[in-house]
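Student: First the structure, which I've put down as structure tokens, then a few questions once you've had a look.
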Amino acid sequence: MIHQPPPGARDLLPLEVTQKRWIANHLQQVFHRWSYHRIITSTLEWLDTLMAGGAVERSTVIQLHDAEEGTLGLRPELTASIARAMVTRIAGSNSEACLSLPQRLYYNANVFRRPTIGNHGRQLEFYQSGVELLGVGGLLADGEILLLLADCLNNLGLQQWHLILGEARLTRSLLSPFPKPMQDKVRQAIAYLDRVSLETLPLSPELRERALFLFDLRGDPADVLQKVASLDLDSSEHEIVSNLKSLVELLNSSSASPLPIVLDLTLVQTFDYYTGIVFEVVSSSEGSSRVLGQGGRYDQLLSLYHPQGETYPGIGFCLNLEDLHYVLLSSNQLPSRTPASDWLVVPEFPEAEAVAFTYAQKLRDSEHLVRVEMDLGGRSPAQIRAYALGHGITYIAWVETDGTPRIETVTKKA
């Protein structure tokens with residue numbers, strides 16, 4: 001019997017692990033430079049925790065078993081877990097002063113999602129890096145998150161990408177004139193760019209015209225904002241439009257070059273979860289588009305976990321390591337091999353095996369990080385040299401029975 005992983009599960013071999021760690025480490029360097037600190041949350045959560053806020057469909061959660069207190073599930077994303085963790089600390093403290101706000105947090109973690117019906121065998125486990133900025137709202141916080149996102153992509157050397165920026169609260173408000181039974185259908189048609197369905201919905205001529213108007217609210221930020229301003233907006237809508245304009249100006253004036261921004265008020269897939277800006281970062285290399293990450297503002301989410309319903313502003317994003325890996329594979333930036341050993345320690349005679357292990361440990365204990373491997377026997381000196389050359393090893397230490405090493409530098413043949 002040949003044992004295979006479950007459908008949708010996959011193993012990562014050393015080279016792929018090395019490449020994905022390269023990506024995660026580059027992102028982590030940026031997070032550190034922006035003074036974000038790592039948080040690790042539980043892989044397991046109560047199902048009610050995961051579904052709070054309406055961001056997660058119950059059918060997408062991999063449920064393990066029913067416990068007496070409720071149903072457990074594997075986390076399909078990190079924001080809910082981080083929100084729960086932070087609110088638990090706030091609610092459990094005697095004073096908010098013991099928890100300084102804002103909190104700048106980042107994570108490198110795996111998440112799990114059950115494939116939708118008809119997609120049996122699709123990937124179940126994903127790897128993400130991301131950040132959450134908790135406890136502060138406003139223009140500067142939104143700007144920090146988007147500039148941090150751009151810094152992450154630039155640090156990876158990505159060239160062809162653009163930021164799709166939406167505003168959940170504004171889109172919700174612009175959809176409010178539609179009858180309640182129609183709002184979800186209009187929203188779904190807009191979200192999936194399905195103009196045909198939009199045109200066939202049973203709407204009055206005025207509402208159909210409005211729906212088609214909303215359908216086209218994407219493109220250059222200045223042009224889109226000008227179109228929106230032509231509507232009969234109330235004071236709150238005017239404020240949101242003004243804030244969007246200020247945000248775009250802040251982003252462009254804070255960067256060495258203008259950010260590639262597409263303002264898209266049809267970006268409503270995560271509508272229920274977010275309360276302010278929403279965004280996706282998309283790669284457009286090799287004639288195809290791929291979503292590399294997404295995020296947004298969620299100022300009401302933390303209240304769902306607080307015993308007294310108190311809330312704190314929040315905004316964040318996640319980057320999908322699988323998608324980044326796919327895009328970067330063609331850039332020749334990722335490591336093409338696993339890290340080579342610096343030393344290969346070889347006992348010259350069977351009597352030298354113990355002292356060879358001692359010498360190898362001495363090398364490992366040096367103040368500089370070195371990779372040291374032992375030759376485990378069964379090869380001739382010529383085979384040992386060929387192995388070292390083929391694996392990029394720098395030095396061979398031939399250890400005598402008295403522990404004396406004879407150092408040989410491995411050089412490529414001309």
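Naming scheme: A, B, ... for chains in displayed order of the structure tokens; residues 1 onward per chain; ligands 1 onward as shown.
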Could you list, as a ChimeraX atom specification, every residue within 6 Å of Val111 in chain A, counting only C-alpha atoms and ignoring same-chain residues fewer than 3 positions away?
Tutor: /A:75-77,125-126
Student: Using only C-alpha atoms, determine which residues lie at most 8 Å from range 232-241 of chain A, disregarding the query and same-chain residues fewer than 6 positions distant; provide the list as a PyMOL selection string.
Tutor: chain A and resi 170+173+225
Student: Output C-alpha atoms for every residue in that selection, as an mmCIF file, in the first residue's frame.
Tutor:
```
data_model
loop_
_atom_site.group_PDB
_atom_site.id
_atom_site.type_symbol
_atom_site.label_atom_id
_atom_site.label_comp_id
_atom_site.auth_asym_id
_atom_site.auth_seq_id
_atom_site.Cartn_x
_atom_site.Cartn_y
_atom_site.Cartn_z
ATOM 1 C CA LEU A 170 -18.783 54.008 1.217
ATOM 2 C CA SER A 173 -23.787 53.480 1.659
ATOM 3 C CA LEU A 225 -13.430 60.259 -6.859
#
```
Student: Can you work out which one of A:Gly130, A:Pro339, A:Pro405, A:Pro179 has the shortest atom-to-atom distance to Phe317 in chain A, counting only C-alpha atoms?
Tutor: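 Of all the options, A:Gly130 lies closest to Phe317 in chain A.
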Student: Go through range 143-200 of chain A residue by residue and, counting only C-alpha atoms, keep those with an atom at most 9 Å from range 290-307 of chain A; for each kept residue give the shortest atom pair and its distance in Å to one decimal, ordered by chain and increasing number, as a tab-separated table.
Tutor:
```
residue	atom	partner	partner_atom	distance
A:Gly166	CA	A:Gly296	CA	8.9
A:Glu167	CA	A:Gly296	CA	8.7
A:Ala168	CA	A:Arg297	CA	8.9
```
Student: Pick out the residues sitting within 10 Å of His32 in chain A, and hand them over as a list of chain:residue names; count only C-alpha atoms, and ignore anything fewer than 6 positions along from it in its own chain.
Tutor: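 Once the nearby chain positions are removed, what remains is A:Arg38, A:Leu105, A:Tyr106.
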Student: Quick one: residues within 10 Å of Val370 in chain A, only C-alpha atoms, excluding same-chain residues fewer than 2 positions away - as a VMD selection string?
Tutor: chain A and resid 340 to 343 363 to 368 372 to 373
Student: Keeping only N, CA and C atoms, write the selected residues as a JSON list (two decimals), in the first residue's frame.
Tutor:
```json
[["chain", "number", "residue", "atom", "x", "y", "z"],
["A", 340, "ALA", "N", 24.33, 25.35, 1.71],
["A", 340, "ALA", "CA", 25.42, 24.38, 1.71],
["A", 340, "ALA", "C", 26.10, 24.35, 3.08],
["A", 341, "SER", "N", 26.67, 23.18, 3.42],
["A", 341, "SER", "CA", 27.47, 23.08, 4.64],
["A", 341, "SER", "C", 28.78, 23.82, 4.45],
["A", 342, "ASP", "N", 29.25, 24.42, 5.54],
["A", 342, "ASP", "CA", 30.57, 25.07, 5.49],
["A", 342, "ASP", "C", 31.69, 24.05, 5.64],
["A", 343, "TRP", "N", 31.44, 23.02, 6.46],
["A", 343, "TRP", "CA", 32.46, 22.03, 6.76],
["A", 343, "TRP", "C", 31.92, 20.62, 6.56],
["A", 363, "LEU", "N", 33.64, 23.11, 16.02],
["A", 363, "LEU", "CA", 33.33, 24.05, 14.95],
["A", 363, "LEU", "C", 31.93, 24.65, 15.13],
["A", 364, "ARG", "N", 30.97, 23.82, 15.51],
["A", 364, "ARG", "CA", 29.60, 24.30, 15.69],
["A", 364, "ARG", "C", 29.49, 25.29, 16.84],
["A", 365, "ASP", "N", 30.36, 25.16, 17.84],
["A", 365, "ASP", "CA", 30.31, 26.02, 19.02],
["A", 365, "ASP", "C", 31.01, 27.36, 18.81],
["A", 366, "SER", "N", 31.55, 27.60, 17.62],
["A", 366, "SER", "CA", 32.23, 28.87, 17.38],
["A", 366, "SER", "C", 31.22, 30.01, 17.42],
["A", 367, "GLU", "N", 31.72, 31.23, 17.58],
["A", 367, "GLU", "CA", 30.83, 32.38, 17.71],
["A", 367, "GLU", "C", 30.11, 32.71, 16.41],
["A", 368, "HIS", "N", 30.59, 32.20, 15.30],
["A", 368, "HIS", "CA", 29.95, 32.42, 14.02],
["A", 368, "HIS", "C", 29.11, 31.18, 13.65],
["A", 372, "VAL", "N", 27.94, 22.36, 9.82],
["A", 372, "VAL", "CA", 28.96, 21.31, 9.88],
["A", 372, "VAL", "C", 28.28, 19.97, 9.76],
["A", 373, "GLU", "N", 28.75, 19.14, 8.84],
["A", 373, "GLU", "CA", 28.22, 17.78, 8.74],
["A", 373, "GLU", "C", 29.35, 16.77, 8.84]]
```
Student: Could you check which of A:Ser176, A:Gln383, A:Gln4, A:Asn155 is closest to Arg33 in chain A, using only C-alpha atoms?
Tutor: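 Checking each of A:Ser176, A:Gln383, A:Gln4, A:Asn155 against Arg33 in chain A, counting only C-alpha atoms, the winner is A:Asn155.
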Student: Find the spatial neighbours of range 19-29 of chain A, counting only C-alpha atoms, within a cut-off of 7 Å - ignore same-chain residues fewer than 3 positions away - and output them as an MDAnalysis selection string.
Tutor: chainID A and resid 15:16 32:33 129 152 155:156 321 325 334:335
Student: Please report as JSON lines every residue of range 313-398 of chain A lying within 12 Å of range 278-283 of chain A, along with the nearest atom pair and their distance in Å (one decimal), using only C-alpha atoms.
Tutor:
```
{"residue": "A:Ile315", "atom": "CA", "partner": "A:Val278", "partner_atom": "CA", "distance": 9.3}
{"residue": "A:Gly316", "atom": "CA", "partner": "A:Val278", "partner_atom": "CA", "distance": 9.6}
{"residue": "A:Phe317", "atom": "CA", "partner": "A:Phe279", "partner_atom": "CA", "distance": 8.5}
{"residue": "A:Cys318", "atom": "CA", "partner": "A:Glu280", "partner_atom": "CA", "distance": 9.6}
{"residue": "A:Leu319", "atom": "CA", "partner": "A:Val281", "partner_atom": "CA", "distance": 8.7}
{"residue": "A:Asn320", "atom": "CA", "partner": "A:Val281", "partner_atom": "CA", "distance": 10.4}
{"residue": "A:Asp323", "atom": "CA", "partner": "A:Ser283", "partner_atom": "CA", "distance": 9.2}
{"residue": "A:Leu324", "atom": "CA", "partner": "A:Ser283", "partner_atom": "CA", "distance": 8.9}
{"residue": "A:His325", "atom": "CA", "partner": "A:Ser283", "partner_atom": "CA", "distance": 11.8}
{"residue": "A:Tyr326", "atom": "CA", "partner": "A:Ser283", "partner_atom": "CA", "distance": 10.5}
{"residue": "A:Val327", "atom": "CA", "partner": "A:Ser283", "partner_atom": "CA", "distance": 7.7}
{"residue": "A:Leu328", "atom": "CA", "partner": "A:Ser283", "partner_atom": "CA", "distance": 10.4}
```
Student: Quick one: write out the picked residues with N, CA, C and O atoms as a CSV table (one decimal), in the first residue's frame?
Tutor:
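Result file is result-v1.csv:
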```csv
chain,number,residue,atom,x,y,z
A,315,ILE,N,-6.7,47.5,11.9
A,315,ILE,CA,-6.4,47.5,10.4
A,315,ILE,C,-5.2,46.5,10.2
A,315,ILE,O,-4.3,46.5,11.0
A,316,GLY,N,-5.2,45.8,9.1
A,316,GLY,CA,-4.1,44.9,8.8
A,316,GLY,C,-4.2,44.3,7.4
A,316,GLY,O,-5.0,44.7,6.7
A,317,PHE,N,-3.2,43.5,7.2
A,317,PHE,CA,-3.1,42.8,5.9
A,317,PHE,C,-2.4,41.5,6.0
A,317,PHE,O,-1.7,41.3,7.0
A,318,CYS,N,-2.7,40.6,5.1
A,318,CYS,CA,-1.9,39.3,5.0
A,318,CYS,C,-1.4,39.2,3.6
A,318,CYS,O,-2.0,39.6,2.6
A,319,LEU,N,-0.2,38.6,3.5
A,319,LEU,CA,0.4,38.2,2.2
A,319,LEU,C,0.5,36.7,2.1
A,319,LEU,O,0.8,36.0,3.1
A,320,ASN,N,0.1,36.2,1.0
A,320,ASN,CA,0.0,34.8,0.7
A,320,ASN,C,1.4,34.2,0.2
A,320,ASN,O,1.8,34.6,-0.9
A,323,ASP,N,1.5,32.4,-3.2
A,323,ASP,CA,1.3,33.2,-4.4
A,323,ASP,C,2.6,34.0,-4.6
A,323,ASP,O,3.1,34.2,-5.8
A,324,LEU,N,3.2,34.5,-3.5
A,324,LEU,CA,4.5,35.2,-3.7
A,324,LEU,C,5.6,34.3,-4.2
A,324,LEU,O,6.4,34.7,-5.1
A,325,HIS,N,5.6,33.1,-3.7
A,325,HIS,CA,6.5,32.1,-4.2
A,325,HIS,C,6.4,31.8,-5.7
A,325,HIS,O,7.4,31.8,-6.4
A,326,TYR,N,5.2,31.7,-6.1
A,326,TYR,CA,4.9,31.4,-7.6
A,326,TYR,C,5.4,32.6,-8.4
A,326,TYR,O,6.1,32.4,-9.5
A,327,VAL,N,5.1,33.8,-8.0
A,327,VAL,CA,5.5,35.0,-8.8
A,327,VAL,C,7.1,35.1,-8.8
A,327,VAL,O,7.7,35.5,-9.8
A,328,LEU,N,7.7,34.9,-7.6
A,328,LEU,CA,9.1,35.1,-7.5
A,328,LEU,C,10.0,34.0,-8.2
A,328,LEU,O,11.2,34.2,-8.4
```
Student: Counting only C-alpha atoms, what is within 12 Å of Ala356 in chain A, bar same-chain residues fewer than 4 positions away, as a list in words?
Tutor: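 Within the cut-off, the hits are Leu344, Val345, Val346, Pro347, Glu348, Phe349, Pro350, Glu351, Ala352, Ala360, Gln361, Lys362, Leu363, Val372, Glu373, Met374, Asp375, Leu376, Ile396, Ala397, Trp398, Val399, Glu400, Thr401, Asp402, Gly403, Thr404, Pro405 and Arg406 of chain A.
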Student: Skip Gly137 in chain A itself and residues of its chain fewer than 2 positions away, then list as a list in words all residues within 8 Å of it, counting only C-alpha atoms.
Tutor: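 Contacts, with the query itself left out: Gly135, Leu139, Leu140, Ala141, Asp142, Asp299, Pro313, Gly314 and Ile315 of chain A.
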Student: Could you give me, as a PyMOL selection string, each residue of range 201-374 of chain A that DSSP assigns to strand (DSSP E) when run on this structure's backbone?
Tutor: chain A and resi 218-219+261-264+277-283+290-297+314-320+343-347+372-374
Student: Next, write the just-selected residues to a file, as a JSON list (two decimals), in the first residue's frame, keeping C-alpha atoms as the atom set.
Tutor:
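Contents of part19.json, freshly written:
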```json
[["chain", "number", "residue", "atom", "x", "y", "z"],
["A", 218, "ARG", "CA", -12.82, 51.66, -10.72],
["A", 219, "GLY", "CA", -9.70, 53.18, -12.22],
["A", 261, "ILE", "CA", -3.09, 52.53, -7.03],
["A", 262, "VAL", "CA", -6.38, 51.52, -8.63],
["A", 263, "LEU", "CA", -9.36, 52.91, -6.74],
["A", 264, "ASP", "CA", -12.09, 50.28, -6.96],
["A", 277, "ILE", "CA", -10.70, 50.87, 3.51],
["A", 278, "VAL", "CA", -10.28, 47.44, 1.92],
["A", 279, "PHE", "CA", -7.51, 46.51, -0.46],
["A", 280, "GLU", "CA", -5.83, 43.81, -2.49],
["A", 281, "VAL", "CA", -2.34, 43.74, -3.93],
["A", 282, "VAL", "CA", -2.19, 42.12, -7.34],
["A", 283, "SER", "CA", 0.73, 40.93, -9.43],
["A", 290, "ARG", "CA", -2.58, 36.91, -9.13],
["A", 291, "VAL", "CA", -3.78, 38.23, -5.77],
["A", 292, "LEU", "CA", -0.74, 38.33, -3.48],
["A", 293, "GLY", "CA", -2.47, 39.65, -0.38],
["A", 294, "GLN", "CA", -5.42, 41.53, 1.03],
["A", 295, "GLY", "CA", -6.54, 43.49, 4.04],
["A", 296, "GLY", "CA", -8.54, 46.37, 5.41],
["A", 297, "ARG", "CA", -9.93, 48.25, 8.40],
["A", 314, "GLY", "CA", -7.96, 47.75, 13.85],
["A", 315, "ILE", "CA", -6.41, 47.45, 10.42],
["A", 316, "GLY", "CA", -4.10, 44.88, 8.85],
["A", 317, "PHE", "CA", -3.14, 42.79, 5.87],
["A", 318, "CYS", "CA", -1.90, 39.32, 5.03],
["A", 319, "LEU", "CA", 0.42, 38.23, 2.24],
["A", 320, "ASN", "CA", 0.03, 34.75, 0.74],
["A", 343, "TRP", "CA", 32.46, 22.03, 6.76],
["A", 344, "LEU", "CA", 32.58, 18.31, 6.11],
["A", 345, "VAL", "CA", 34.39, 16.51, 8.93],
["A", 346, "VAL", "CA", 35.91, 13.16, 7.98],
["A", 347, "PRO", "CA", 37.56, 10.70, 10.40],
["A", 372, "VAL", "CA", 28.96, 21.31, 9.88],
["A", 373, "GLU", "CA", 28.22, 17.78, 8.74],
["A", 374, "MET", "CA", 29.97, 14.52, 9.50]]
```
Student: Using only C-alpha atoms, which of the listed residues (A:Gly73, A:Pro5, A:Pro102, A:Gly143) sits closest to Leu44 in chain A?
Tutor: A:Gly73
Student: Counting only C-alpha atoms, which of A:Ser42, A:Thr171, A:Thr60, A:Asn332 gets nearest to Arg187 in chain A?
Tutor: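 Smallest separation from Arg187 in chain A among the options: A:Thr171.
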Student: Check the smallest atom-to-atom distance from each of A:Ala191, A:Ala229, A:Leu78, A:Leu163 to Tyr127 in chain A using only C-alpha atoms, then report the winner.
Tutor: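 Ranked by minimum distance to Tyr127 in chain A, first place goes to A:Leu78.
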Student: Which parts of range 102-150 of chain A does DSSP call helix (DSSP H, G or I) when run on the backbone here, written out as a PyMOL selection string?
Tutor: chain A and resi 139-150
Student: Would you output that residue set with N, CA and C atoms, as a tab-separated table (two decimals), in the first residue's frame?
Tutor:
```
chain	number	residue	atom	x	y	z
A	139	LEU	N	-6.41	58.53	9.31
A	139	LEU	CA	-5.64	58.61	8.07
A	139	LEU	C	-4.21	58.08	8.21
A	140	LEU	N	-3.53	58.45	9.30
A	140	LEU	CA	-2.13	58.06	9.46
A	140	LEU	C	-1.99	56.55	9.62
A	141	ALA	N	-2.90	55.93	10.36
A	141	ALA	CA	-2.85	54.47	10.54
A	141	ALA	C	-3.10	53.77	9.21
A	142	ASP	N	-4.09	54.23	8.44
A	142	ASP	CA	-4.34	53.65	7.12
A	142	ASP	C	-3.11	53.81	6.24
A	143	GLY	N	-2.52	55.01	6.28
A	143	GLY	CA	-1.34	55.26	5.46
A	143	GLY	C	-0.17	54.38	5.86
A	144	GLU	N	0.03	54.18	7.17
A	144	GLU	CA	1.15	53.34	7.62
A	144	GLU	C	1.02	51.92	7.08
A	145	ILE	N	-0.18	51.35	7.18
A	145	ILE	CA	-0.38	49.98	6.74
A	145	ILE	C	-0.11	49.84	5.23
A	146	LEU	N	-0.60	50.77	4.44
A	146	LEU	CA	-0.42	50.66	2.98
A	146	LEU	C	1.02	50.93	2.57
A	147	LEU	N	1.69	51.85	3.26
A	147	LEU	CA	3.11	52.09	2.96
A	147	LEU	C	3.96	50.91	3.41
A	148	LEU	N	3.59	50.30	4.54
A	148	LEU	CA	4.29	49.09	4.99
A	148	LEU	C	4.11	47.97	3.97
A	149	LEU	N	2.92	47.82	3.45
A	149	LEU	CA	2.66	46.81	2.43
A	149	LEU	C	3.53	47.04	1.20
A	150	ALA	N	3.61	48.29	0.76
A	150	ALA	CA	4.45	48.61	-0.40
A	150	ALA	C	5.92	48.34	-0.11
```
Student: Record the distance separating CA of Leu231 in chain A and CA of Leu265 in chain A, expressed in Å with one decimal.
Tutor: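 Computing it gives 13.9 Å between the two atoms.
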Student: Work out how far apart CA of Thr266 in chain A and CA of Ile190 in chain A are and give it in Å to one decimal.
Tutor: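 Rounded to one decimal, the two atoms are 5.9 Å apart.
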